[in-house]
file entry37.txt (compact mmCIF, N, CA and C atoms and all ligand atoms)
# COMPACT_ATOMS: atom_id res chain seq x y z
N MET A 729 123.35 116.81 95.18
CA MET A 729 121.89 116.99 95.15
C MET A 729 121.53 118.29 94.44
N ASP A 730 120.49 118.21 93.59
CA ASP A 730 119.95 119.40 92.92
C ASP A 730 118.75 119.84 93.75
N THR A 731 118.83 121.04 94.33
CA THR A 731 117.79 121.46 95.29
C THR A 731 116.42 121.67 94.64
N ASP A 732 116.38 121.81 93.31
CA ASP A 732 115.09 121.98 92.63
C ASP A 732 114.50 120.66 92.14
N CYS A 733 115.19 119.56 92.39
CA CYS A 733 114.81 118.28 91.80
C CYS A 733 113.94 117.47 92.76
N ILE A 734 112.74 117.09 92.30
CA ILE A 734 111.84 116.35 93.20
C ILE A 734 112.40 114.97 93.56
N PHE A 735 113.11 114.33 92.64
CA PHE A 735 113.64 113.00 92.97
C PHE A 735 114.80 113.11 93.94
N CYS A 736 115.60 114.18 93.85
CA CYS A 736 116.64 114.39 94.87
C CYS A 736 115.98 114.59 96.24
N LYS A 737 114.86 115.29 96.26
CA LYS A 737 114.16 115.50 97.54
C LYS A 737 113.62 114.18 98.08
N ILE A 738 113.10 113.33 97.18
CA ILE A 738 112.61 112.01 97.61
C ILE A 738 113.77 111.17 98.15
N VAL A 739 114.90 111.18 97.43
CA VAL A 739 116.08 110.41 97.87
C VAL A 739 116.53 110.88 99.26
N ALA A 740 116.50 112.21 99.46
CA ALA A 740 116.96 112.78 100.73
C ALA A 740 115.93 112.66 101.85
N GLY A 741 114.74 112.14 101.52
CA GLY A 741 113.69 112.01 102.54
C GLY A 741 113.02 113.33 102.85
N LYS A 742 113.21 114.34 101.97
CA LYS A 742 112.58 115.65 102.20
C LYS A 742 111.21 115.76 101.55
N MET A 743 110.86 114.74 100.78
CA MET A 743 109.53 114.65 100.19
C MET A 743 109.03 113.24 100.41
N PRO A 744 107.73 113.09 100.74
CA PRO A 744 107.23 111.74 101.00
C PRO A 744 107.22 110.86 99.74
N SER A 745 107.41 109.56 99.93
CA SER A 745 107.31 108.61 98.81
C SER A 745 106.94 107.25 99.38
N SER A 746 106.43 106.40 98.49
CA SER A 746 106.13 105.01 98.89
C SER A 746 107.31 104.17 98.41
N LYS A 747 108.29 104.04 99.30
CA LYS A 747 109.54 103.36 98.93
C LYS A 747 109.36 101.86 99.10
N ILE A 748 109.75 101.09 98.08
CA ILE A 748 109.64 99.63 98.21
C ILE A 748 111.01 98.96 98.26
N TYR A 749 112.06 99.69 97.91
CA TYR A 749 113.41 99.09 97.88
C TYR A 749 114.44 100.20 97.98
N GLU A 750 115.54 99.91 98.64
CA GLU A 750 116.68 100.83 98.58
C GLU A 750 117.97 100.07 98.77
N ASP A 751 119.02 100.57 98.16
CA ASP A 751 120.37 100.08 98.42
C ASP A 751 121.29 101.29 98.43
N SER A 752 122.60 101.06 98.46
CA SER A 752 123.49 102.21 98.63
C SER A 752 123.54 103.13 97.41
N HIS A 753 123.08 102.67 96.26
CA HIS A 753 123.14 103.48 95.03
C HIS A 753 121.78 103.92 94.50
N THR A 754 120.72 103.22 94.89
CA THR A 754 119.40 103.47 94.28
C THR A 754 118.27 103.40 95.31
N ILE A 755 117.14 103.99 94.92
CA ILE A 755 115.89 103.70 95.64
C ILE A 755 114.82 103.35 94.60
N ALA A 756 113.77 102.67 95.04
CA ALA A 756 112.63 102.38 94.16
C ALA A 756 111.36 102.80 94.88
N VAL A 757 110.57 103.63 94.20
CA VAL A 757 109.34 104.16 94.79
C VAL A 757 108.17 103.93 93.84
N LEU A 758 106.97 103.86 94.39
CA LEU A 758 105.79 103.77 93.53
C LEU A 758 105.58 105.09 92.81
N ASP A 759 105.27 105.01 91.51
CA ASP A 759 104.93 106.21 90.74
C ASP A 759 103.59 106.74 91.24
N ILE A 760 103.50 108.05 91.45
CA ILE A 760 102.23 108.61 91.96
C ILE A 760 101.16 108.74 90.87
N PHE A 761 101.54 108.57 89.61
CA PHE A 761 100.55 108.48 88.52
C PHE A 761 100.76 107.14 87.83
N PRO A 762 100.41 106.03 88.50
CA PRO A 762 100.77 104.72 87.96
C PRO A 762 100.02 104.39 86.66
N ALA A 763 100.78 103.83 85.71
CA ALA A 763 100.16 103.32 84.48
C ALA A 763 99.33 102.09 84.80
N CYS A 764 99.71 101.38 85.86
CA CYS A 764 98.97 100.21 86.32
C CYS A 764 99.43 99.94 87.76
N PRO A 765 98.71 99.12 88.51
CA PRO A 765 99.12 98.86 89.89
C PRO A 765 100.52 98.26 89.96
N GLY A 766 101.38 98.84 90.79
CA GLY A 766 102.74 98.35 90.95
C GLY A 766 103.78 99.11 90.13
N HIS A 767 103.35 100.03 89.27
CA HIS A 767 104.29 100.84 88.47
C HIS A 767 105.29 101.52 89.41
N THR A 768 106.55 101.18 89.21
CA THR A 768 107.61 101.60 90.14
C THR A 768 108.69 102.38 89.39
N LEU A 769 109.29 103.34 90.07
CA LEU A 769 110.41 104.11 89.52
C LEU A 769 111.68 103.74 90.26
N VAL A 770 112.72 103.36 89.50
CA VAL A 770 114.03 103.09 90.11
C VAL A 770 114.91 104.32 89.84
N ILE A 771 115.41 104.88 90.93
CA ILE A 771 116.06 106.20 90.89
C ILE A 771 117.45 106.09 91.51
N PRO A 772 118.51 106.52 90.81
CA PRO A 772 119.82 106.52 91.46
C PRO A 772 119.87 107.63 92.53
N ARG A 773 120.63 107.41 93.56
CA ARG A 773 120.74 108.43 94.61
C ARG A 773 121.40 109.70 94.09
N ASP A 774 122.36 109.53 93.17
CA ASP A 774 123.06 110.70 92.62
C ASP A 774 122.20 111.36 91.54
N HIS A 775 122.30 112.67 91.45
CA HIS A 775 121.55 113.41 90.44
C HIS A 775 122.28 113.41 89.10
N HIS A 776 121.64 112.84 88.08
CA HIS A 776 122.08 112.96 86.68
C HIS A 776 120.81 113.17 85.88
N ALA A 777 120.82 114.12 84.96
CA ALA A 777 119.58 114.53 84.30
C ALA A 777 118.95 113.41 83.48
N ASP A 778 119.75 112.72 82.70
CA ASP A 778 119.18 111.73 81.77
C ASP A 778 120.25 110.71 81.39
N LEU A 779 119.91 109.84 80.46
CA LEU A 779 120.82 108.76 80.06
C LEU A 779 122.17 109.29 79.57
N PHE A 780 122.11 110.39 78.82
CA PHE A 780 123.34 110.95 78.25
C PHE A 780 124.31 111.39 79.34
N ASP A 781 123.77 111.88 80.43
CA ASP A 781 124.60 112.45 81.52
C ASP A 781 125.01 111.42 82.56
N THR A 782 124.45 110.23 82.50
CA THR A 782 124.63 109.29 83.61
C THR A 782 125.82 108.36 83.36
N PRO A 783 126.75 108.27 84.31
CA PRO A 783 127.87 107.35 84.14
C PRO A 783 127.40 105.90 84.01
N ALA A 784 128.13 105.13 83.22
CA ALA A 784 127.76 103.73 82.97
C ALA A 784 127.63 102.94 84.27
N ALA A 785 128.48 103.24 85.24
CA ALA A 785 128.43 102.48 86.50
C ALA A 785 127.10 102.74 87.23
N THR A 786 126.63 103.98 87.15
CA THR A 786 125.34 104.31 87.80
C THR A 786 124.21 103.60 87.07
N LEU A 787 124.27 103.59 85.74
CA LEU A 787 123.24 102.87 84.97
C LEU A 787 123.22 101.39 85.34
N ALA A 788 124.39 100.84 85.57
CA ALA A 788 124.46 99.42 85.94
C ALA A 788 123.76 99.20 87.29
N HIS A 789 123.94 100.13 88.22
CA HIS A 789 123.25 100.00 89.51
C HIS A 789 121.73 100.09 89.32
N VAL A 790 121.30 101.00 88.45
CA VAL A 790 119.86 101.17 88.21
C VAL A 790 119.29 99.92 87.52
N ALA A 791 120.04 99.38 86.58
CA ALA A 791 119.59 98.15 85.89
C ALA A 791 119.47 96.99 86.87
N ARG A 792 120.46 96.86 87.75
CA ARG A 792 120.45 95.77 88.72
C ARG A 792 119.25 95.90 89.66
N ALA A 793 119.02 97.11 90.14
CA ALA A 793 117.88 97.35 91.05
C ALA A 793 116.55 97.12 90.32
N SER A 794 116.51 97.49 89.02
CA SER A 794 115.27 97.30 88.25
C SER A 794 114.94 95.81 88.12
N LYS A 795 115.97 95.01 87.95
CA LYS A 795 115.75 93.56 87.88
C LYS A 795 115.21 93.04 89.21
N LYS A 796 115.78 93.53 90.31
CA LYS A 796 115.28 93.11 91.64
C LYS A 796 113.81 93.49 91.80
N VAL A 797 113.50 94.71 91.40
CA VAL A 797 112.11 95.18 91.51
C VAL A 797 111.19 94.33 90.63
N ALA A 798 111.64 94.03 89.40
CA ALA A 798 110.82 93.21 88.49
C ALA A 798 110.52 91.86 89.12
N HIS A 799 111.52 91.23 89.73
CA HIS A 799 111.29 89.95 90.39
C HIS A 799 110.32 90.09 91.56
N ARG A 800 110.45 91.19 92.28
CA ARG A 800 109.55 91.43 93.42
C ARG A 800 108.10 91.59 92.94
N LEU A 801 107.92 92.32 91.84
CA LEU A 801 106.58 92.50 91.27
C LEU A 801 106.01 91.16 90.81
N GLN A 802 106.88 90.37 90.21
CA GLN A 802 106.48 89.04 89.73
C GLN A 802 105.97 88.18 90.89
N GLU A 803 106.76 88.22 91.98
CA GLU A 803 106.46 87.40 93.15
C GLU A 803 105.22 87.91 93.88
N ALA A 804 105.15 89.23 94.07
CA ALA A 804 104.09 89.79 94.92
C ALA A 804 102.79 90.01 94.18
N LEU A 805 102.86 90.29 92.88
CA LEU A 805 101.63 90.58 92.13
C LEU A 805 101.22 89.44 91.20
N GLY A 806 102.11 88.46 91.06
CA GLY A 806 101.78 87.32 90.21
C GLY A 806 101.83 87.63 88.72
N ILE A 807 102.55 88.69 88.34
CA ILE A 807 102.63 89.03 86.91
C ILE A 807 103.78 88.23 86.28
N ASP A 808 103.74 88.09 84.95
CA ASP A 808 104.81 87.33 84.28
C ASP A 808 105.53 88.17 83.24
N SER A 809 105.17 89.46 83.14
CA SER A 809 105.75 90.31 82.10
C SER A 809 106.02 91.70 82.68
N VAL A 810 106.98 92.39 82.06
CA VAL A 810 107.34 93.71 82.58
C VAL A 810 107.90 94.56 81.45
N ASN A 811 107.63 95.86 81.47
CA ASN A 811 108.32 96.80 80.59
C ASN A 811 109.25 97.65 81.44
N ILE A 812 110.50 97.81 80.98
CA ILE A 812 111.44 98.74 81.60
C ILE A 812 111.56 99.91 80.63
N ILE A 813 111.23 101.10 81.09
CA ILE A 813 111.20 102.27 80.20
C ILE A 813 112.05 103.38 80.78
N ASN A 814 112.86 103.98 79.92
CA ASN A 814 113.57 105.20 80.31
C ASN A 814 113.26 106.27 79.27
N ASN A 815 112.78 107.40 79.71
CA ASN A 815 112.59 108.55 78.83
C ASN A 815 113.76 109.49 79.07
N SER A 816 114.55 109.77 78.04
CA SER A 816 115.69 110.68 78.19
C SER A 816 115.52 111.83 77.20
N GLY A 817 115.23 113.00 77.74
CA GLY A 817 115.02 114.20 76.92
C GLY A 817 113.53 114.50 76.75
N ALA A 818 113.25 115.79 76.63
CA ALA A 818 111.85 116.25 76.56
C ALA A 818 111.12 115.62 75.38
N ASN A 819 111.80 115.46 74.24
CA ASN A 819 111.12 114.89 73.07
C ASN A 819 110.85 113.40 73.21
N ALA A 820 111.46 112.80 74.21
CA ALA A 820 111.16 111.39 74.51
C ALA A 820 110.10 111.28 75.61
N GLY A 821 109.59 112.43 76.04
CA GLY A 821 108.55 112.41 77.06
C GLY A 821 109.04 112.54 78.48
N GLN A 822 110.34 112.85 78.65
CA GLN A 822 110.85 113.00 80.03
C GLN A 822 110.27 114.24 80.68
N VAL A 823 109.82 114.07 81.91
CA VAL A 823 109.20 115.17 82.66
C VAL A 823 110.05 115.50 83.88
N VAL A 824 110.57 114.48 84.52
CA VAL A 824 111.44 114.70 85.70
C VAL A 824 112.87 114.44 85.26
N PHE A 825 113.68 115.49 85.34
CA PHE A 825 115.04 115.42 84.79
C PHE A 825 116.06 114.97 85.83
N HIS A 826 115.78 113.82 86.40
CA HIS A 826 116.69 113.04 87.24
C HIS A 826 116.48 111.63 86.74
N LEU A 827 117.53 111.07 86.13
CA LEU A 827 117.37 109.77 85.46
C LEU A 827 116.59 108.76 86.31
N HIS A 828 115.73 108.01 85.66
CA HIS A 828 114.99 106.94 86.35
C HIS A 828 114.53 105.93 85.33
N PHE A 829 114.36 104.70 85.78
CA PHE A 829 113.76 103.64 84.97
C PHE A 829 112.35 103.40 85.51
N HIS A 830 111.39 103.35 84.59
CA HIS A 830 110.05 102.90 84.96
C HIS A 830 110.05 101.37 84.89
N VAL A 831 109.57 100.73 85.93
CA VAL A 831 109.37 99.28 85.90
C VAL A 831 107.85 99.07 85.95
N VAL A 832 107.31 98.62 84.80
CA VAL A 832 105.85 98.55 84.65
C VAL A 832 105.44 97.08 84.55
N PRO A 833 104.79 96.57 85.61
CA PRO A 833 104.34 95.18 85.55
C PRO A 833 103.22 95.04 84.52
N ARG A 834 103.23 93.94 83.76
CA ARG A 834 102.24 93.74 82.69
C ARG A 834 101.50 92.42 82.88
N SER A 835 100.24 92.47 82.58
CA SER A 835 99.46 91.24 82.62
C SER A 835 98.46 91.26 81.47
N GLY A 836 97.99 90.10 81.10
CA GLY A 836 97.07 89.98 79.97
C GLY A 836 95.83 90.84 80.19
N GLY A 837 95.46 91.59 79.14
CA GLY A 837 94.23 92.38 79.23
C GLY A 837 94.35 93.62 80.09
N ASP A 838 95.60 94.06 80.38
CA ASP A 838 95.74 95.26 81.22
C ASP A 838 95.45 96.56 80.45
N GLY A 839 95.31 96.43 79.13
CA GLY A 839 94.91 97.60 78.34
C GLY A 839 96.04 98.56 78.02
N LEU A 840 97.25 98.29 78.51
CA LEU A 840 98.38 99.19 78.20
C LEU A 840 98.94 98.83 76.83
N ASP A 841 99.50 99.82 76.14
CA ASP A 841 100.07 99.56 74.82
C ASP A 841 101.28 100.46 74.62
N PHE A 842 102.47 99.87 74.74
CA PHE A 842 103.70 100.64 74.53
C PHE A 842 104.29 100.36 73.15
N LYS A 843 103.49 99.73 72.28
CA LYS A 843 104.01 99.44 70.94
C LYS A 843 104.24 100.74 70.18
N LEU A 844 105.35 100.80 69.42
CA LEU A 844 105.60 101.96 68.57
C LEU A 844 105.00 101.68 67.20
N ASN A 845 104.62 102.75 66.51
CA ASN A 845 104.10 102.57 65.15
C ASN A 845 105.29 102.37 64.21
N ARG A 846 105.40 101.21 63.61
CA ARG A 846 106.58 100.90 62.80
C ARG A 846 106.19 100.28 61.47
N VAL A 847 107.07 100.49 60.48
CA VAL A 847 106.90 99.79 59.20
C VAL A 847 108.20 99.05 58.91
N LYS A 848 108.12 97.96 58.16
CA LYS A 848 109.32 97.15 57.88
C LYS A 848 110.31 97.97 57.05
N ALA A 849 111.59 97.93 57.48
CA ALA A 849 112.63 98.68 56.77
C ALA A 849 112.98 98.00 55.46
N ASP A 850 113.35 98.83 54.42
CA ASP A 850 113.84 98.21 53.19
C ASP A 850 115.37 98.14 53.23
N ALA A 851 115.94 97.43 52.25
CA ALA A 851 117.39 97.16 52.25
C ALA A 851 118.21 98.45 52.17
N LYS A 852 117.73 99.43 51.37
CA LYS A 852 118.45 100.70 51.19
C LYS A 852 118.56 101.44 52.54
N TYR A 853 117.46 101.52 53.22
CA TYR A 853 117.47 102.18 54.53
C TYR A 853 118.45 101.50 55.48
N LEU A 854 118.38 100.17 55.55
CA LEU A 854 119.24 99.43 56.49
C LEU A 854 120.71 99.64 56.16
N GLU A 855 121.04 99.67 54.87
CA GLU A 855 122.43 99.85 54.46
C GLU A 855 122.91 101.27 54.77
N GLU A 856 122.10 102.27 54.38
CA GLU A 856 122.52 103.66 54.57
C GLU A 856 122.59 104.03 56.05
N MET A 857 121.57 103.64 56.78
CA MET A 857 121.55 104.03 58.20
C MET A 857 122.63 103.31 58.99
N SER A 858 122.88 102.05 58.69
CA SER A 858 123.92 101.34 59.44
C SER A 858 125.29 101.93 59.11
N SER A 859 125.50 102.41 57.86
CA SER A 859 126.81 103.00 57.56
C SER A 859 126.94 104.37 58.24
N ARG A 860 125.83 105.08 58.45
CA ARG A 860 125.89 106.35 59.19
C ARG A 860 126.17 106.12 60.67
N LEU A 861 125.64 105.04 61.18
CA LEU A 861 125.62 104.87 62.65
C LEU A 861 126.75 104.01 63.20
N LYS A 862 127.31 103.12 62.38
CA LYS A 862 128.23 102.14 62.99
C LYS A 862 129.50 102.82 63.51
N PHE A 863 130.00 102.32 64.61
CA PHE A 863 131.21 102.87 65.22
C PHE A 863 132.00 101.78 65.91
P1 LIG A 901 109.24 110.71 83.01
O1 LIG A 901 108.20 111.14 82.02
O2 LIG A 901 110.13 111.87 83.43
O3 LIG A 901 109.99 109.50 82.57
O4 LIG A 901 108.41 110.23 84.26
C1 LIG A 901 108.35 110.89 85.49
C2 LIG A 901 107.44 110.07 86.37
O5 LIG A 901 107.52 110.57 87.69
C3 LIG A 901 105.96 110.13 85.96
O6 LIG A 901 105.50 108.81 85.69
C4 LIG A 901 105.26 110.75 87.17
O7 LIG A 901 104.02 110.16 87.42
C5 LIG A 901 106.24 110.49 88.29
N1 LIG A 901 106.23 111.48 89.35
C6 LIG A 901 106.17 112.83 89.20
N2 LIG A 901 106.23 113.44 90.41
C7 LIG A 901 106.34 112.44 91.32
C8 LIG A 901 106.43 112.44 92.74
O8 LIG A 901 106.43 113.47 93.41
N3 LIG A 901 106.53 111.22 93.35
C9 LIG A 901 106.53 110.05 92.63
N4 LIG A 901 106.63 108.91 93.33
N5 LIG A 901 106.44 110.01 91.29
C10 LIG A 901 106.34 111.20 90.66
ZN ZN A 902 117.82 114.95 91.24

call {"tool": "encode", "arguments": {"input": "entry37.txt", "output": "structure tokens", "more": "lines below"}}
Ligand code: 5GP
Ligand code: ZN
result
Amino acid sequence: MDTDCIFCKIVAGKMPSSKIYEDSHTIAVLDIFPACPGHTLVIPRDHHADLFDTPAATLAHVARASKKVAHRLQEALGIDSVNIINNSGANAGQVVFHLHFHVVPRSGGDGLDFKLNRVKADAKYLEEMSSRLKF
């Protein structure tokens, strides 16, 4: 546990939260600044700052719990769509440096927009970038 971390405090029950799910590896709590009703955070019990620091096995637990939460939101709120978001690093918008997945229920006309501004790639870019990145 990181004593300065608010999510570690929530996991330890030292800070209040609206918990909707827990298992031996994760908890899921309502976000206190919800993007929409039902916006939930899935948090591993162990402290890891972000995606880069988190062991694959822990990520698998978080992914599994996120799927459970998504189904619960579907069942309880009647939604048919969901965004799973992870911000890793300050430049990606991360504010709380204890890895978590946002599970955001989506419905028609909810006014949310997570689309990125993109333009179609040309062949040169795809060739050069894939040769830089492939491993
Ligand atoms: P990030 O930008 O790090 O991915 O998102 C952190 C999220 O944690 C934000 O959506 C924010 O609203 C939420 N949050 C911050 N403090 C608390 C808290 O004390 N309790 C809960 N439940 N959520 C929090
Ligand atoms: Zn923590």

call {"tool": "residues_near_ligand", "arguments": {"input": "entry37.txt", "ligand": "ligand LIG 901 (chain A)", "cutoff": "5 Å", "atoms": "all atoms listed in the file", "output": "list in words"}}
result
Leu758, Asp759, Ile760, Phe761, Asn815, Gly821, Gln822, Val823 and Val824 of chain A

call {"tool": "residues_near_ligand", "arguments": {"input": "entry37.txt", "ligand": "ligand ZN 902 (chain A)", "cutoff": "6 Å", "atoms": "only N, CA and C atoms and all ligand atoms", "output": "ChimeraX atom specification"}}
result
/A:729-730,733-737,774-776,825-826

call {"tool": "write_last_selection", "arguments": {"input": "entry37.txt", "atoms": "N, CA and C atoms", "output": "compact mmCIF listing (two decimals), in the frame of the given file"}}
result
# COMPACT_ATOMS: atom_id res chain seq x y z
N MET A 729 123.35 116.81 95.18
CA MET A 729 121.89 116.99 95.15
C MET A 729 121.53 118.29 94.44
N ASP A 730 120.49 118.21 93.59
CA ASP A 730 119.95 119.40 92.92
C ASP A 730 118.75 119.84 93.75
N CYS A 733 115.19 119.56 92.39
CA CYS A 733 114.81 118.28 91.80
C CYS A 733 113.94 117.47 92.76
N ILE A 734 112.74 117.09 92.30
CA ILE A 734 111.84 116.35 93.20
C ILE A 734 112.40 114.97 93.56
N PHE A 735 113.11 114.33 92.64
CA PHE A 735 113.64 113.00 92.97
C PHE A 735 114.80 113.11 93.94
N CYS A 736 115.60 114.18 93.85
CA CYS A 736 116.64 114.39 94.87
C CYS A 736 115.98 114.59 96.24
N LYS A 737 114.86 115.29 96.26
CA LYS A 737 114.16 115.50 97.54
C LYS A 737 113.62 114.18 98.08
N ASP A 774 122.36 109.53 93.17
CA ASP A 774 123.06 110.70 92.62
C ASP A 774 122.20 111.36 91.54
N HIS A 775 122.30 112.67 91.45
CA HIS A 775 121.55 113.41 90.44
C HIS A 775 122.28 113.41 89.10
N HIS A 776 121.64 112.84 88.08
CA HIS A 776 122.08 112.96 86.68
C HIS A 776 120.81 113.17 85.88
N PHE A 825 113.68 115.49 85.34
CA PHE A 825 115.04 115.42 84.79
C PHE A 825 116.06 114.97 85.83
N HIS A 826 115.78 113.82 86.40
CA HIS A 826 116.69 113.04 87.24
C HIS A 826 116.48 111.63 86.74

call {"tool": "atom_distance", "arguments": {"input": "entry37.txt", "atom1": "atom N of Ser746 of chain A", "atom2": "atom CA of His799 of chain A"}}
result
19.0 Å

call {"tool": "select_by_dssp", "arguments": {"input": "entry37.txt", "residues": "chain A", "states": "alpha helix (DSSP H)", "output": "PyMOL selection string"}}
result
chain A and resi 734-739+784-805+851-861

call {"tool": "atom_distance", "arguments": {"input": "entry37.txt", "atom1": "atom C of Asp838 of chain A", "atom2": "atom N of Ile771 of chain A"}}
result
24.0 Å

call {"tool": "residues_near_point", "arguments": {"input": "entry37.txt", "point": "(106.6, 97.5, 86.5)", "cutoff": "7 Å", "atoms": "all atoms listed in the file", "output": "compact mmCIF listing (two decimals) with N, CA and C atoms, in the coordinates of the input"}}
result
# COMPACT_ATOMS: atom_id res chain seq x y z
N GLY A 766 101.38 98.84 90.79
CA GLY A 766 102.74 98.35 90.95
C GLY A 766 103.78 99.11 90.13
N HIS A 767 103.35 100.03 89.27
CA HIS A 767 104.29 100.84 88.47
C HIS A 767 105.29 101.52 89.41
N THR A 768 106.55 101.18 89.21
CA THR A 768 107.61 101.60 90.14
C THR A 768 108.69 102.38 89.39
N VAL A 797 113.50 94.71 91.40
CA VAL A 797 112.11 95.18 91.51
C VAL A 797 111.19 94.33 90.63
N ALA A 798 111.64 94.03 89.40
CA ALA A 798 110.82 93.21 88.49
C ALA A 798 110.52 91.86 89.12
N LEU A 801 107.92 92.32 91.84
CA LEU A 801 106.58 92.50 91.27
C LEU A 801 106.01 91.16 90.81
N SER A 809 105.17 89.46 83.14
CA SER A 809 105.75 90.31 82.10
C SER A 809 106.02 91.70 82.68
N VAL A 810 106.98 92.39 82.06
CA VAL A 810 107.34 93.71 82.58
C VAL A 810 107.90 94.56 81.45
N ASN A 811 107.63 95.86 81.47
CA ASN A 811 108.32 96.80 80.59
C ASN A 811 109.25 97.65 81.44
N ILE A 812 110.50 97.81 80.98
CA ILE A 812 111.44 98.74 81.60
C ILE A 812 111.56 99.91 80.63
N HIS A 830 111.39 103.35 84.59
CA HIS A 830 110.05 102.90 84.96
C HIS A 830 110.05 101.37 84.89
N VAL A 831 109.57 100.73 85.93
CA VAL A 831 109.37 99.28 85.90
C VAL A 831 107.85 99.07 85.95
N VAL A 832 107.31 98.62 84.80
CA VAL A 832 105.85 98.55 84.65
C VAL A 832 105.44 97.08 84.55
N PRO A 833 104.79 96.57 85.61
CA PRO A 833 104.34 95.18 85.55
C PRO A 833 103.22 95.04 84.52
N ARG A 834 103.23 93.94 83.76
CA ARG A 834 102.24 93.74 82.69
C ARG A 834 101.50 92.42 82.88

call {"tool": "atom_distance", "arguments": {"input": "entry37.txt", "atom1": "atom N of Ser794 of chain A", "atom2": "atom CA of Ala756 of chain A"}}
result
8.1 Å

call {"tool": "select_by_dssp", "arguments": {"input": "entry37.txt", "residues": "segment 735-784 of chain A", "states": "strand (DSSP E)", "output": "ChimeraX atom specification"}}
result
/A:747-750,754-758,768-772

call {"tool": "closest_residue", "arguments": {"input": "entry37.txt", "among": "A:Lys852, A:Lys843, A:Lys742, A:Lys747", "to": "Leu769 of chain A", "atoms": "only C-alpha atoms"}}
result
A:Lys747

call {"tool": "decode", "arguments": {"input": "entry37.txt", "residues": "segment 761-798 of chain A", "atoms": "C-alpha atoms", "output": "PDB file, in the first residue's frame"}}
result
ATOM      1  CA  PHE A 761     -17.012  12.862 -10.804  1.00  0.00           C
ATOM      2  CA  PRO A 762     -19.057  10.632 -13.116  1.00  0.00           C
ATOM      3  CA  ALA A 763     -19.010  11.288 -16.855  1.00  0.00           C
ATOM      4  CA  CYS A 764     -22.507   9.781 -16.811  1.00  0.00           C
ATOM      5  CA  PRO A 765     -24.661   7.808 -14.345  1.00  0.00           C
ATOM      6  CA  GLY A 766     -22.991   4.481 -13.522  1.00  0.00           C
ATOM      7  CA  HIS A 767     -19.408   5.539 -14.415  1.00  0.00           C
ATOM      8  CA  THR A 768     -17.365   3.014 -12.447  1.00  0.00           C
ATOM      9  CA  LEU A 769     -13.664   2.602 -11.653  1.00  0.00           C
ATOM     10  CA  VAL A 770     -12.145  -0.887 -11.485  1.00  0.00           C
ATOM     11  CA  ILE A 771      -9.112  -0.792  -9.207  1.00  0.00           C
ATOM     12  CA  PRO A 772      -6.637  -3.580  -8.396  1.00  0.00           C
ATOM     13  CA  ARG A 773      -6.032  -4.066  -4.682  1.00  0.00           C
ATOM     14  CA  ASP A 774      -2.269  -3.861  -5.224  1.00  0.00           C
ATOM     15  CA  HIS A 775      -0.686  -0.477  -5.868  1.00  0.00           C
ATOM     16  CA  HIS A 776       0.835  -0.032  -9.344  1.00  0.00           C
ATOM     17  CA  ALA A 777       1.112   3.478 -10.762  1.00  0.00           C
ATOM     18  CA  ASP A 778       0.034   2.863 -14.343  1.00  0.00           C
ATOM     19  CA  LEU A 779      -0.115   0.374 -17.213  1.00  0.00           C
ATOM     20  CA  PHE A 780       3.657   0.327 -17.629  1.00  0.00           C
ATOM     21  CA  ASP A 781       4.181  -0.687 -13.995  1.00  0.00           C
ATOM     22  CA  THR A 782       1.368  -3.209 -13.709  1.00  0.00           C
ATOM     23  CA  PRO A 783       2.073  -6.941 -14.047  1.00  0.00           C
ATOM     24  CA  ALA A 784       0.134  -8.656 -16.842  1.00  0.00           C
ATOM     25  CA  ALA A 785      -1.595 -10.946 -14.336  1.00  0.00           C
ATOM     26  CA  THR A 786      -2.973  -7.942 -12.446  1.00  0.00           C
ATOM     27  CA  LEU A 787      -4.187  -6.388 -15.700  1.00  0.00           C
ATOM     28  CA  ALA A 788      -5.969  -9.635 -16.476  1.00  0.00           C
ATOM     29  CA  HIS A 789      -7.787  -9.440 -13.129  1.00  0.00           C
ATOM     30  CA  VAL A 790      -8.778  -5.828 -13.837  1.00  0.00           C
ATOM     31  CA  ALA A 791      -9.988  -6.730 -17.339  1.00  0.00           C
ATOM     32  CA  ARG A 792     -12.042  -9.636 -15.993  1.00  0.00           C
ATOM     33  CA  ALA A 793     -13.639  -7.460 -13.297  1.00  0.00           C
ATOM     34  CA  SER A 794     -14.313  -4.710 -15.877  1.00  0.00           C
ATOM     35  CA  LYS A 795     -16.246  -7.176 -17.996  1.00  0.00           C
ATOM     36  CA  LYS A 796     -18.309  -8.209 -14.954  1.00  0.00           C
ATOM     37  CA  VAL A 797     -19.037  -4.572 -14.188  1.00  0.00           C
ATOM     38  CA  ALA A 798     -19.972  -3.881 -17.837  1.00  0.00           C
TER      39      ALA A 798
END
